[in-house]
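query02.txt (compact mmCIF, C-alpha atoms)
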```
# COMPACT_ATOMS: atom_id res chain seq x y z
CA MET A 1 15.44 54.03 -60.77
CA ALA A 2 15.96 50.77 -59.03
CA GLN A 3 13.60 50.15 -56.12
CA ASP A 4 14.66 48.54 -52.89
CA PRO A 5 13.15 45.12 -52.25
CA PRO A 6 10.29 45.14 -49.75
CA ARG A 7 11.25 44.51 -46.14
CA ASN A 8 9.38 42.98 -43.32
CA THR A 9 8.33 45.72 -40.95
CA ALA A 10 9.12 43.46 -38.00
CA ALA A 11 12.82 43.46 -38.99
CA GLU A 12 13.17 47.24 -39.20
CA ILE A 13 14.92 48.11 -35.96
CA PRO A 14 16.37 51.61 -35.48
CA VAL A 15 19.98 51.43 -34.35
CA THR A 16 22.07 54.29 -32.97
CA SER A 17 25.51 55.14 -34.15
CA ASN A 18 27.06 53.35 -31.21
CA GLY A 19 25.48 50.07 -32.14
CA GLU A 20 22.91 50.20 -29.31
CA LEU A 21 19.19 49.82 -29.62
CA ASP A 22 17.10 52.88 -29.00
CA SER A 23 14.12 53.02 -26.66
CA SER A 24 11.89 51.07 -29.07
CA GLU A 25 13.81 47.81 -28.30
CA HIS A 26 11.58 47.04 -25.35
CA VAL A 27 8.44 47.43 -27.47
CA PHE A 28 9.84 45.13 -30.14
CA ASN A 29 10.79 42.50 -27.59
CA LEU A 30 7.21 42.43 -26.39
CA ASP A 31 5.88 42.15 -29.96
CA LEU A 32 8.30 39.37 -30.81
CA LYS A 33 7.48 37.49 -27.61
CA ARG A 34 3.77 37.65 -28.41
CA SER A 35 4.33 36.53 -32.03
CA VAL A 36 6.30 33.38 -31.11
CA PRO A 37 4.05 30.30 -30.74
CA ALA A 38 3.71 28.97 -27.23
CA GLY A 39 4.94 25.55 -28.29
CA LEU A 40 8.48 26.81 -28.95
CA GLY A 41 9.11 27.14 -25.22
CA LEU A 42 10.72 30.62 -25.44
CA SER A 43 9.84 32.23 -22.15
CA GLU A 44 11.95 35.36 -22.69
CA THR A 45 13.69 36.79 -25.81
CA ARG A 46 16.00 39.76 -26.31
CA ILE A 47 17.59 41.39 -29.38
CA THR A 48 21.34 41.64 -29.94
CA SER A 49 23.14 43.40 -32.78
CA HIS A 50 26.49 42.57 -34.37
CA GLY A 51 28.96 44.86 -36.22
CA PHE A 52 26.85 47.46 -37.89
CA ASP A 53 29.43 48.11 -40.58
CA GLY A 54 29.24 47.25 -44.28
CA SER A 55 26.51 44.93 -45.45
CA LYS A 56 25.59 43.74 -41.93
CA GLU A 57 24.07 47.08 -41.04
CA GLY A 58 20.63 46.66 -39.45
CA ILE A 59 20.89 42.86 -39.04
CA VAL A 60 19.79 41.65 -35.64
CA GLU A 61 19.69 38.20 -34.02
CA ALA A 62 17.04 36.88 -31.63
CA THR A 63 18.40 34.59 -28.90
CA PRO A 64 16.82 33.12 -25.77
CA TYR A 65 16.96 35.54 -22.87
CA GLN A 66 19.29 34.22 -20.14
CA GLY A 67 18.42 36.77 -17.47
CA ASP A 68 20.65 39.23 -15.64
CA GLY A 69 20.30 37.77 -12.14
CA GLN A 70 17.48 40.11 -11.15
CA GLY A 71 13.80 39.27 -11.37
CA THR A 72 14.52 35.86 -12.91
CA GLN A 73 11.38 33.75 -13.00
CA GLN A 74 11.51 30.05 -12.18
CA ARG A 75 10.15 27.74 -14.79
CA SER A 76 7.18 25.66 -13.78
CA GLY A 77 7.41 21.89 -13.85
CA PRO A 78 6.04 18.72 -12.32
CA VAL A 79 6.20 18.58 -8.48
CA VAL A 80 7.84 15.40 -7.21
CA LEU A 81 6.95 14.34 -3.66
CA SER A 82 9.58 12.76 -1.46
CA GLU A 83 9.10 9.11 -0.62
CA GLU A 84 9.54 9.68 3.13
CA PRO A 85 6.48 11.94 3.75
CA ARG A 86 4.40 9.69 1.52
CA SER A 87 5.36 6.55 3.44
CA THR A 88 4.70 8.30 6.78
CA ALA A 89 1.25 9.34 5.65
CA ILE A 90 0.49 5.79 4.49
CA GLU A 91 1.61 4.37 7.83
CA LYS A 92 -0.58 6.81 9.76
CA PHE A 93 -3.55 6.02 7.56
CA GLU A 94 -2.99 2.30 8.09
CA LEU A 95 -2.82 2.77 11.89
CA VAL A 96 -6.07 4.73 11.87
CA ARG A 97 -7.73 2.10 9.69
CA ARG A 98 -6.66 -0.76 12.00
CA TRP A 99 -7.73 1.14 15.10
CA SER A 100 -11.14 1.91 13.59
CA LEU A 101 -11.67 -1.69 12.55
CA ASN A 102 -10.62 -3.04 15.95
CA THR A 103 -12.86 -0.54 17.77
CA TYR A 104 -15.82 -1.49 15.59
CA LYS A 105 -15.34 -5.21 16.23
CA CYS A 106 -14.94 -4.76 20.00
CA THR A 107 -17.97 -2.46 20.23
CA ARG A 108 -20.07 -4.96 18.32
CA GLN A 109 -18.89 -7.75 20.64
CA ILE A 110 -19.75 -5.75 23.79
CA ILE A 111 -23.23 -4.90 22.49
CA SER A 112 -23.85 -8.51 21.51
CA GLU A 113 -22.86 -9.72 24.98
CA ARG A 114 -25.11 -7.19 26.71
CA LEU A 115 -28.04 -8.10 24.50
CA GLY A 116 -27.45 -11.79 25.15
CA ARG A 117 -26.76 -12.61 21.52
CA GLY A 118 -23.00 -13.11 21.60
CA SER A 119 -20.86 -15.65 23.43
CA ARG A 120 -17.99 -14.75 25.72
CA THR A 121 -14.99 -16.65 27.00
CA VAL A 122 -15.13 -17.17 30.78
CA ASP A 123 -12.45 -18.45 33.15
CA LEU A 124 -14.60 -19.28 36.17
CA GLU A 125 -11.77 -19.59 38.67
CA LEU A 126 -10.04 -16.40 37.59
CA GLU A 127 -13.29 -14.44 37.40
CA ALA A 128 -14.15 -15.50 40.97
CA GLN A 129 -10.77 -14.30 42.24
CA ILE A 130 -11.21 -10.96 40.49
CA GLU A 131 -14.66 -10.45 42.03
CA ILE A 132 -13.29 -11.25 45.50
CA LEU A 133 -10.47 -8.75 44.97
CA ARG A 134 -12.85 -5.97 43.96
CA ASP A 135 -15.13 -6.69 46.89
CA ASN A 136 -12.20 -6.72 49.32
CA LYS A 137 -10.93 -3.42 47.91
CA LYS A 138 -14.26 -1.74 48.71
CA LYS A 139 -14.18 -3.12 52.27
CA TYR A 140 -10.56 -2.05 52.80
CA GLU A 141 -11.43 1.43 51.55
CA ASN A 142 -14.22 1.60 54.13
CA VAL A 143 -11.81 0.50 56.92
CA LEU A 144 -9.32 3.12 55.72
CA LYS A 145 -11.97 5.84 55.80
CA LEU A 146 -13.06 4.90 59.35
CA ALA A 147 -9.45 4.78 60.56
CA GLN A 148 -8.85 8.25 59.16
CA THR A 149 -11.95 9.51 60.97
CA LEU A 150 -10.71 7.94 64.22
CA SER A 151 -7.30 9.57 63.75
CA SER A 152 -8.88 12.98 63.19
CA GLN A 153 -11.10 12.68 66.25
CA LEU A 154 -8.26 11.39 68.44
CA TYR A 155 -6.10 14.31 67.34
CA GLN A 156 -8.80 16.76 68.39
CA MET A 157 -9.14 14.99 71.76
CA VAL A 158 -5.39 15.08 72.37
CA GLN A 159 -5.30 18.80 71.63
CA THR A 160 -8.19 19.36 74.05
CA GLN A 161 -6.51 17.30 76.77
CA ARG A 162 -3.28 19.23 76.39
CA GLN A 163 -5.09 22.56 76.67
CA LEU A 164 -7.07 21.31 79.64
CA GLY A 165 -3.87 20.19 81.36
CA ASP A 166 -2.32 23.62 80.83
CA ALA A 167 -5.43 25.27 82.29
CA PHE A 168 -5.35 23.03 85.40
CA ALA A 169 -1.65 23.71 85.90
CA ASP A 170 -2.23 27.46 85.73
CA LEU A 171 -5.06 27.25 88.26
CA SER A 172 -2.96 25.13 90.62
CA LEU A 173 -0.44 27.97 90.84
CA LYS A 174 -3.07 30.63 91.45
CA SER A 175 -5.41 28.72 93.80
CA LEU A 176 -3.56 27.81 96.98
CA GLU A 177 -6.60 26.09 98.51
CA LEU A 178 -6.97 23.73 95.52
CA HIS A 179 -3.31 23.52 94.54
CA GLU A 180 -3.05 19.75 94.90
CA GLU A 181 -6.40 18.95 93.26
CA PHE A 182 -5.64 21.09 90.19
CA GLY A 183 -2.15 19.63 90.05
CA TYR A 184 -3.42 16.03 90.00
CA ASN A 185 -5.80 16.78 87.16
CA ALA A 186 -3.14 18.67 85.22
CA ASP A 187 -0.76 15.71 85.45
CA THR A 188 -3.50 13.27 84.42
CA GLN A 189 -4.52 15.28 81.35
CA LYS A 190 -0.91 15.74 80.26
CA LEU A 191 -0.28 12.02 80.62
CA LEU A 192 -3.42 11.24 78.61
CA ALA A 193 -2.30 13.68 75.93
CA LYS A 194 1.12 12.06 75.76
CA ASN A 195 -0.34 8.57 75.48
CA GLY A 196 -2.83 9.86 72.92
CA GLU A 197 0.02 11.13 70.75
CA THR A 198 1.67 7.72 70.95
CA LEU A 199 -1.57 6.00 69.97
CA LEU A 200 -2.06 8.55 67.19
CA GLY A 201 1.35 7.61 65.77
CA ALA A 202 0.37 3.92 65.72
CA ILE A 203 -2.97 4.66 64.02
CA ASN A 204 -1.36 6.88 61.39
CA PHE A 205 1.20 4.16 60.65
CA PHE A 206 -1.66 1.70 60.21
CA ILE A 207 -3.45 4.14 57.88
CA SER A 208 -0.33 4.68 55.77
CA SER A 209 0.26 0.95 55.30
CA VAL A 210 -3.36 0.16 54.42
CA ASN A 211 -3.48 3.12 52.04
CA THR A 212 -0.41 1.80 50.20
CA LEU A 213 -1.97 -1.64 49.97
CA VAL A 214 -5.34 -0.39 48.70
CA ASN A 215 -4.42 2.51 46.41
CA LYS A 216 -1.13 1.22 45.01
CA THR A 217 -0.72 -2.55 45.26
CA ILE A 218 -4.34 -3.57 44.70
CA GLU A 219 -4.91 -0.77 42.18
CA ASP A 220 -1.91 -1.91 40.13
CA THR A 221 -3.37 -5.43 40.02
CA LEU A 222 -6.76 -4.07 38.94
CA ILE A 223 -5.11 -2.16 36.08
CA THR A 224 -3.72 -5.47 34.84
CA VAL A 225 -7.21 -6.96 35.24
CA LYS A 226 -8.65 -4.22 33.01
CA GLN A 227 -6.02 -4.97 30.37
CA TYR A 228 -6.93 -8.65 30.62
CA GLU A 229 -10.63 -7.86 30.13
CA THR A 230 -9.83 -5.73 27.07
CA ALA A 231 -7.76 -8.58 25.61
CA ARG A 232 -10.64 -10.97 26.29
CA ILE A 233 -13.11 -8.77 24.40
CA GLU A 234 -10.73 -8.47 21.43
CA TYR A 235 -10.17 -12.23 21.45
CA ASP A 236 -13.91 -12.96 21.44
CA ALA A 237 -14.54 -10.34 18.74
CA TYR A 238 -12.03 -11.86 16.32
CA ARG A 239 -13.14 -15.37 17.27
CA THR A 240 -16.72 -14.48 16.35
CA ASP A 241 -15.56 -12.89 13.11
CA LEU A 242 -13.62 -16.03 12.17
CA GLU A 243 -16.59 -18.28 13.00
CA GLU A 244 -18.88 -16.20 10.76
CA LEU A 245 -16.42 -16.43 7.85
CA ASN A 246 -16.04 -20.20 8.28
CA MET A 247 -19.82 -20.64 8.15
CA GLY A 248 -19.97 -18.86 4.77
CA PRO A 249 -18.96 -20.08 1.31
CA ARG A 250 -15.33 -20.82 0.47
CA ASP A 251 -14.17 -19.42 -2.85
CA ALA A 252 -11.34 -17.36 -4.30
CA THR A 253 -12.77 -14.21 -2.74
CA THR A 254 -13.40 -15.46 0.80
CA LEU A 255 -10.32 -17.67 1.27
CA PRO A 256 -7.87 -14.74 1.62
CA LYS A 257 -10.24 -13.11 4.12
CA ILE A 258 -10.48 -16.32 6.12
CA GLU A 259 -6.71 -16.69 6.19
CA GLN A 260 -6.24 -13.09 7.33
CA SER A 261 -8.93 -13.51 9.98
CA GLN A 262 -7.23 -16.68 11.20
CA GLN A 263 -3.95 -14.83 11.64
CA LEU A 264 -5.61 -11.98 13.56
CA PHE A 265 -7.47 -14.47 15.74
CA GLN A 266 -4.24 -16.29 16.59
CA THR A 267 -2.51 -13.01 17.47
CA HIS A 268 -5.27 -11.94 19.86
CA LYS A 269 -5.49 -15.43 21.33
CA GLU A 270 -1.80 -15.29 22.28
CA LYS A 271 -2.32 -11.83 23.79
CA TYR A 272 -5.32 -13.07 25.78
CA ASP A 273 -3.44 -16.10 27.11
CA LYS A 274 -0.51 -13.89 28.14
CA MET A 275 -2.73 -11.40 29.99
CA ARG A 276 -4.60 -14.21 31.74
CA ASN A 277 -1.30 -15.66 32.95
CA ASP A 278 -0.13 -12.20 34.14
CA VAL A 279 -3.33 -11.67 36.12
CA SER A 280 -3.04 -15.07 37.77
CA ILE A 281 0.54 -14.38 38.86
CA LYS A 282 -0.29 -10.90 40.18
CA LEU A 283 -3.28 -12.18 42.13
CA LYS A 284 -1.10 -14.83 43.76
CA PHE A 285 1.62 -12.39 44.81
CA LEU A 286 -0.98 -9.85 45.93
CA GLU A 287 -2.61 -12.36 48.23
CA GLU A 288 0.71 -13.25 49.85
CA ASN A 289 1.70 -9.61 50.28
CA LYS A 290 -1.75 -8.64 51.59
CA VAL A 291 -1.71 -11.33 54.31
CA LYS A 292 1.78 -10.33 55.44
CA VAL A 293 1.08 -6.59 55.54
CA LEU A 294 -2.34 -6.80 57.19
CA HIS A 295 -1.14 -9.32 59.78
CA ASN A 296 1.51 -6.92 61.09
CA GLN A 297 -0.75 -3.86 60.90
CA LEU A 298 -3.67 -5.52 62.69
CA VAL A 299 -1.40 -6.74 65.53
CA LEU A 300 0.00 -3.21 65.88
CA PHE A 301 -3.46 -1.64 65.89
CA HIS A 302 -4.79 -4.07 68.50
CA ASN A 303 -1.83 -3.86 70.89
CA ALA A 304 -1.70 -0.06 70.71
CA ILE A 305 -5.43 0.37 71.38
CA ALA A 306 -5.38 -2.16 74.24
CA ALA A 307 -2.35 -0.59 75.92
CA TYR A 308 -3.77 2.92 75.59
CA PHE A 309 -7.12 2.19 77.22
CA ALA A 310 -5.46 0.03 79.87
CA GLY A 311 -3.31 2.99 80.81
CA ASN A 312 -0.17 0.96 80.25
CA GLN A 313 2.20 3.60 78.95
CA LYS A 314 5.19 1.29 78.95
CA GLN A 315 3.40 -1.38 76.90
CA LEU A 316 2.19 1.26 74.45
CA GLU A 317 5.70 2.55 73.85
CA GLN A 318 7.02 -1.01 73.57
CA THR A 319 4.45 -1.76 70.88
CA LEU A 320 5.64 1.14 68.72
CA LYS A 321 9.27 0.07 69.12
CA GLN A 322 8.34 -3.46 68.10
CA PHE A 323 6.94 -2.27 64.76
CA HIS A 324 9.61 0.44 64.28
CA VAL A 325 7.14 3.32 64.47
CA LYS A 326 8.86 6.65 65.02
CA LEU A 327 6.93 9.49 66.63
CA LYS A 328 7.43 13.10 65.66
CA THR A 329 8.06 15.27 68.69
CA PRO A 330 5.64 18.25 68.77
CA GLY A 331 7.33 21.54 67.97
CA VAL A 332 10.51 19.91 66.69
CA ASP A 333 11.22 20.07 62.97
CA ALA A 334 12.93 17.29 61.07
CA PRO A 335 16.73 17.65 60.84
CA SER A 336 18.13 19.19 57.69
CA TRP A 337 20.18 17.19 55.26
CA LEU A 338 23.33 18.92 56.54
CA GLU A 339 22.63 17.71 60.09
CA GLU A 340 22.06 14.17 58.87
CA GLN A 341 25.51 14.01 57.23
```

Write the structure described by the file as structure tokens, please.
Amino acid sequence: MAQDPPRNTAAEIPVTSNGELDSSEHVFNLDLKRSVPAGLGLSETRITSHGFDGSKEGIVEATPYQGDGQGTQQRSGPVVLSEEPRSTAIEKFELVRRWSLNTYKCTRQIISERLGRGSRTVDLELEAQIEILRDNKKKYENVLKLAQTLSSQLYQMVQTQRQLGDAFADLSLKSLELHEEFGYNADTQKLLAKNGETLLGAINFFISSVNTLVNKTIEDTLITVKQYETARIEYDAYRTDLEELNMGPRDATTLPKIEQSQQLFQTHKEKYDKMRNDVSIKLKFLEENKVKVLHNQLVLFHNAIAAYFAGNQKQLEQTLKQFHVKLKTPGVDAPSWLEEQ
């Protein structure tokens, strides 16, 4: 009896009468997947059968598994970074590196100057003007503080005079024997209170103008001075760095460093010259504005004080009109924007 040729057990796949694989297909797929070498790149494999009639009965074909849309796994591969995030990160790193280097150089320059080892660039005329400005600012702040104290005390005195005048007026109505005496004192205290309010308006106007001069105009100039001093430190730091490189050897390694240092030095020199020019211009305009503002305010302050203590009510009111000082009437609120239309 003829014997059937031996078959590979891996090819023996039970097939139903309808041409469909039975439940052992899943087990075979796993065995076949494990038996395929990893180098072939077959991530998934499934078994298909064709026409189980005639001589093709039991023949199956292994093809790459394409997936059915569910549970499909993405194939791993190299991750490619976009050029934009990479360039942004490089720019940020470069900014941090430059900032760190500049901070180190400036800190070293400041320490060297304080220890007396480093040299610094000095503009004697400009430095003298800056010192005078800072000294004047302290003195103006003291005048402003004293004027505010005077205003507060005068306000309290005016309130006391008004209350005292009301008390005298009440007593003049209730004391027939002293009606005239209480009436005179009531009128005097009310007049003093009215003149005190007028003087208070002049003093407050003086305080407002000096406060603007000290805390806005002068302060703005001092901010520019600070920027100038920072530019001066940077200029001296890069100047010192360039001098140290020029004193060393010149070869293929140091020449690029010297050229780069020369460019940085020139950049900071231009910045320093610009800031020095800005400070000089601001100091000039500040001096002109300060003289004009303080001249008017000091004349107002003097005339108002003199008229008040001389009892010249007319002259006191004329002084406020001369400098366009408007007094706020007690108990009367400012008009609304509808009333001003």

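Minimum atom-to-atom distances from A:Asp123, A:Glu91, A:Asp135, A:Glu181 to A:Ile218 were compared using all atoms listed in the file, and the lowest value belongs to A:Asp135.
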
### Task
Find the residue from A:Gln109, A:Ser172, A:Thr217, A:Gln227 that sits nearest to A:Phe285; use all atoms listed in the file when measuring.
A:Thr217

### Task
Would you kindly return, as a ChimeraX atom specification, each protein, DNA or RNA residue with an atom no farther than 9 Å from any atom of stretch 99-105 of chain A, considering all atoms listed in the file and excluding same-chain residues fewer than 4 positions away?
/A:94-95,109-110,234,237-238,241

### Query
How far is it from atom CA of A:Gln163 to atom CA of A:Ile207, in Å with one decimal?
26.4 Å

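Neighbouring residues of stretch 293-308 of chain A at 9 Å or closer, counting only C-alpha atoms and skipping chain neighbours under 4 positions away, are Leu192, Asn195, Gly196, Thr198, Leu199, Ala202, Ile203, Phe205, Phe206, Ile207, Ser209, Val210, Leu213, Glu288, Asn289, Asn312, Gln313, Lys314, Gln315, Leu316, Glu317, Thr319, Leu320, Gln322 and Phe323 of chain A.
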
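The space separating atom CA of A:Gly201 from atom CA of A:Asn142 comes to 20.3 Å.
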
Edge lengths and centre in Å to one decimal, as AutoDock Vina command-line options, is what I'm after for the box along x, y and z that holds all listed atoms of stretch 316-325 of chain A once 4 Å is added on each side.
```
--center_x 5.9 --center_y -0.1 --center_z 69.4 --size_x 15.4 --size_y 14.8 --size_z 18.2
```

### Task
For atom CA of A:Thr267 and atom CA of A:Glu229, quote the distance in Å rounded to one decimal.
15.9 Å

### Task
Show which residues sit within 12 Å of A:Glu270, as a PyMOL selection string. Count all atoms listed in the file, and ignore same-chain residues fewer than 5 positions away.
chain A and resi 228+231-232+234-235+263-265+275-277

#### Entry: Counting only C-alpha atoms, the option among A:Thr160, A:Thr221, A:Thr88, A:Thr121 closest to A:Glu287
A:Thr221

Where atoms are lacking, stretch 294-322 of chain A completed to N, CA and C atoms, as a PDB file, in the frame of the given file:
```pdb
ATOM      1  N   LEU A 294      -1.211  -6.977  56.283  1.00  0.00           N
ATOM      2  CA  LEU A 294      -2.340  -6.800  57.190  1.00  0.00           C
ATOM      3  C   LEU A 294      -2.125  -7.517  58.519  1.00  0.00           C
ATOM      4  N   HIS A 295      -1.420  -8.628  58.517  1.00  0.00           N
ATOM      5  CA  HIS A 295      -1.140  -9.320  59.780  1.00  0.00           C
ATOM      6  C   HIS A 295      -0.361  -8.402  60.727  1.00  0.00           C
ATOM      7  N   ASN A 296       0.705  -7.811  60.247  1.00  0.00           N
ATOM      8  CA  ASN A 296       1.510  -6.920  61.090  1.00  0.00           C
ATOM      9  C   ASN A 296       0.732  -5.683  61.526  1.00  0.00           C
ATOM     10  N   GLN A 297      -0.030  -5.095  60.587  1.00  0.00           N
ATOM     11  CA  GLN A 297      -0.750  -3.860  60.900  1.00  0.00           C
ATOM     12  C   GLN A 297      -1.892  -4.107  61.890  1.00  0.00           C
ATOM     13  N   LEU A 298      -2.568  -5.228  61.763  1.00  0.00           N
ATOM     14  CA  LEU A 298      -3.670  -5.520  62.690  1.00  0.00           C
ATOM     15  C   LEU A 298      -3.148  -5.818  64.098  1.00  0.00           C
ATOM     16  N   VAL A 299      -2.003  -6.502  64.202  1.00  0.00           N
ATOM     17  CA  VAL A 299      -1.400  -6.740  65.530  1.00  0.00           C
ATOM     18  C   VAL A 299      -0.992  -5.413  66.156  1.00  0.00           C
ATOM     19  N   LEU A 300      -0.390  -4.532  65.372  1.00  0.00           N
ATOM     20  CA  LEU A 300       0.000  -3.210  65.880  1.00  0.00           C
ATOM     21  C   LEU A 300      -1.215  -2.428  66.356  1.00  0.00           C
ATOM     22  N   PHE A 301      -2.259  -2.412  65.549  1.00  0.00           N
ATOM     23  CA  PHE A 301      -3.460  -1.640  65.890  1.00  0.00           C
ATOM     24  C   PHE A 301      -4.086  -2.168  67.183  1.00  0.00           C
ATOM     25  N   HIS A 302      -4.184  -3.477  67.301  1.00  0.00           N
ATOM     26  CA  HIS A 302      -4.790  -4.070  68.500  1.00  0.00           C
ATOM     27  C   HIS A 302      -3.972  -3.794  69.757  1.00  0.00           C
ATOM     28  N   ASN A 303      -2.672  -4.045  69.706  1.00  0.00           N
ATOM     29  CA  ASN A 303      -1.830  -3.860  70.890  1.00  0.00           C
ATOM     30  C   ASN A 303      -1.788  -2.400  71.326  1.00  0.00           C
ATOM     31  N   ALA A 304      -1.754  -1.488  70.361  1.00  0.00           N
ATOM     32  CA  ALA A 304      -1.700  -0.060  70.710  1.00  0.00           C
ATOM     33  C   ALA A 304      -3.001   0.386  71.362  1.00  0.00           C
ATOM     34  N   ILE A 305      -4.134  -0.006  70.808  1.00  0.00           N
ATOM     35  CA  ILE A 305      -5.430   0.370  71.380  1.00  0.00           C
ATOM     36  C   ILE A 305      -5.591  -0.224  72.782  1.00  0.00           C
ATOM     37  N   ALA A 306      -5.232  -1.494  72.944  1.00  0.00           N
ATOM     38  CA  ALA A 306      -5.380  -2.160  74.240  1.00  0.00           C
ATOM     39  C   ALA A 306      -4.492  -1.514  75.295  1.00  0.00           C
ATOM     40  N   ALA A 307      -3.260  -1.201  74.949  1.00  0.00           N
ATOM     41  CA  ALA A 307      -2.350  -0.590  75.920  1.00  0.00           C
ATOM     42  C   ALA A 307      -2.802   0.822  76.284  1.00  0.00           C
ATOM     43  N   TYR A 308      -3.331   1.546  75.321  1.00  0.00           N
ATOM     44  CA  TYR A 308      -3.770   2.920  75.590  1.00  0.00           C
ATOM     45  C   TYR A 308      -4.930   2.945  76.588  1.00  0.00           C
ATOM     46  N   PHE A 309      -5.956   2.152  76.336  1.00  0.00           N
ATOM     47  CA  PHE A 309      -7.120   2.190  77.220  1.00  0.00           C
ATOM     48  C   PHE A 309      -6.872   1.464  78.543  1.00  0.00           C
ATOM     49  N   ALA A 310      -5.834   0.637  78.592  1.00  0.00           N
ATOM     50  CA  ALA A 310      -5.460   0.030  79.870  1.00  0.00           C
ATOM     51  C   ALA A 310      -4.575   0.954  80.692  1.00  0.00           C
ATOM     52  N   GLY A 311      -4.165   2.041  80.113  1.00  0.00           N
ATOM     53  CA  GLY A 311      -3.310   2.990  80.810  1.00  0.00           C
ATOM     54  C   GLY A 311      -1.893   2.498  80.962  1.00  0.00           C
ATOM     55  N   ASN A 312      -1.512   1.538  80.166  1.00  0.00           N
ATOM     56  CA  ASN A 312      -0.170   0.960  80.250  1.00  0.00           C
ATOM     57  C   ASN A 312       0.751   1.723  79.282  1.00  0.00           C
ATOM     58  N   GLN A 313       1.354   2.769  79.796  1.00  0.00           N
ATOM     59  CA  GLN A 313       2.200   3.600  78.950  1.00  0.00           C
ATOM     60  C   GLN A 313       3.426   2.844  78.459  1.00  0.00           C
ATOM     61  N   LYS A 314       3.993   2.038  79.316  1.00  0.00           N
ATOM     62  CA  LYS A 314       5.190   1.290  78.950  1.00  0.00           C
ATOM     63  C   LYS A 314       4.895   0.294  77.825  1.00  0.00           C
ATOM     64  N   GLN A 315       3.778  -0.419  77.940  1.00  0.00           N
ATOM     65  CA  GLN A 315       3.400  -1.380  76.900  1.00  0.00           C
ATOM     66  C   GLN A 315       3.092  -0.684  75.583  1.00  0.00           C
ATOM     67  N   LEU A 316       2.494   0.494  75.658  1.00  0.00           N
ATOM     68  CA  LEU A 316       2.190   1.260  74.450  1.00  0.00           C
ATOM     69  C   LEU A 316       3.472   1.670  73.725  1.00  0.00           C
ATOM     70  N   GLU A 317       4.436   2.161  74.465  1.00  0.00           N
ATOM     71  CA  GLU A 317       5.700   2.550  73.850  1.00  0.00           C
ATOM     72  C   GLU A 317       6.460   1.336  73.318  1.00  0.00           C
ATOM     73  N   GLN A 318       6.358   0.209  74.034  1.00  0.00           N
ATOM     74  CA  GLN A 318       7.020  -1.010  73.570  1.00  0.00           C
ATOM     75  C   GLN A 318       6.416  -1.518  72.269  1.00  0.00           C
ATOM     76  N   THR A 319       5.113  -1.343  72.113  1.00  0.00           N
ATOM     77  CA  THR A 319       4.450  -1.760  70.880  1.00  0.00           C
ATOM     78  C   THR A 319       4.956  -0.983  69.678  1.00  0.00           C
ATOM     79  N   LEU A 320       5.136   0.324  69.827  1.00  0.00           N
ATOM     80  CA  LEU A 320       5.640   1.140  68.720  1.00  0.00           C
ATOM     81  C   LEU A 320       7.081   0.790  68.381  1.00  0.00           C
ATOM     82  N   LYS A 321       7.882   0.482  69.387  1.00  0.00           N
ATOM     83  CA  LYS A 321       9.270   0.070  69.120  1.00  0.00           C
ATOM     84  C   LYS A 321       9.303  -1.269  68.392  1.00  0.00           C
ATOM     85  N   GLN A 322       8.376  -2.147  68.726  1.00  0.00           N
ATOM     86  CA  GLN A 322       8.340  -3.460  68.100  1.00  0.00           C
ATOM     87  C   GLN A 322       8.103  -3.369  66.600  1.00  0.00           C
TER      88      GLN A 322
END
```
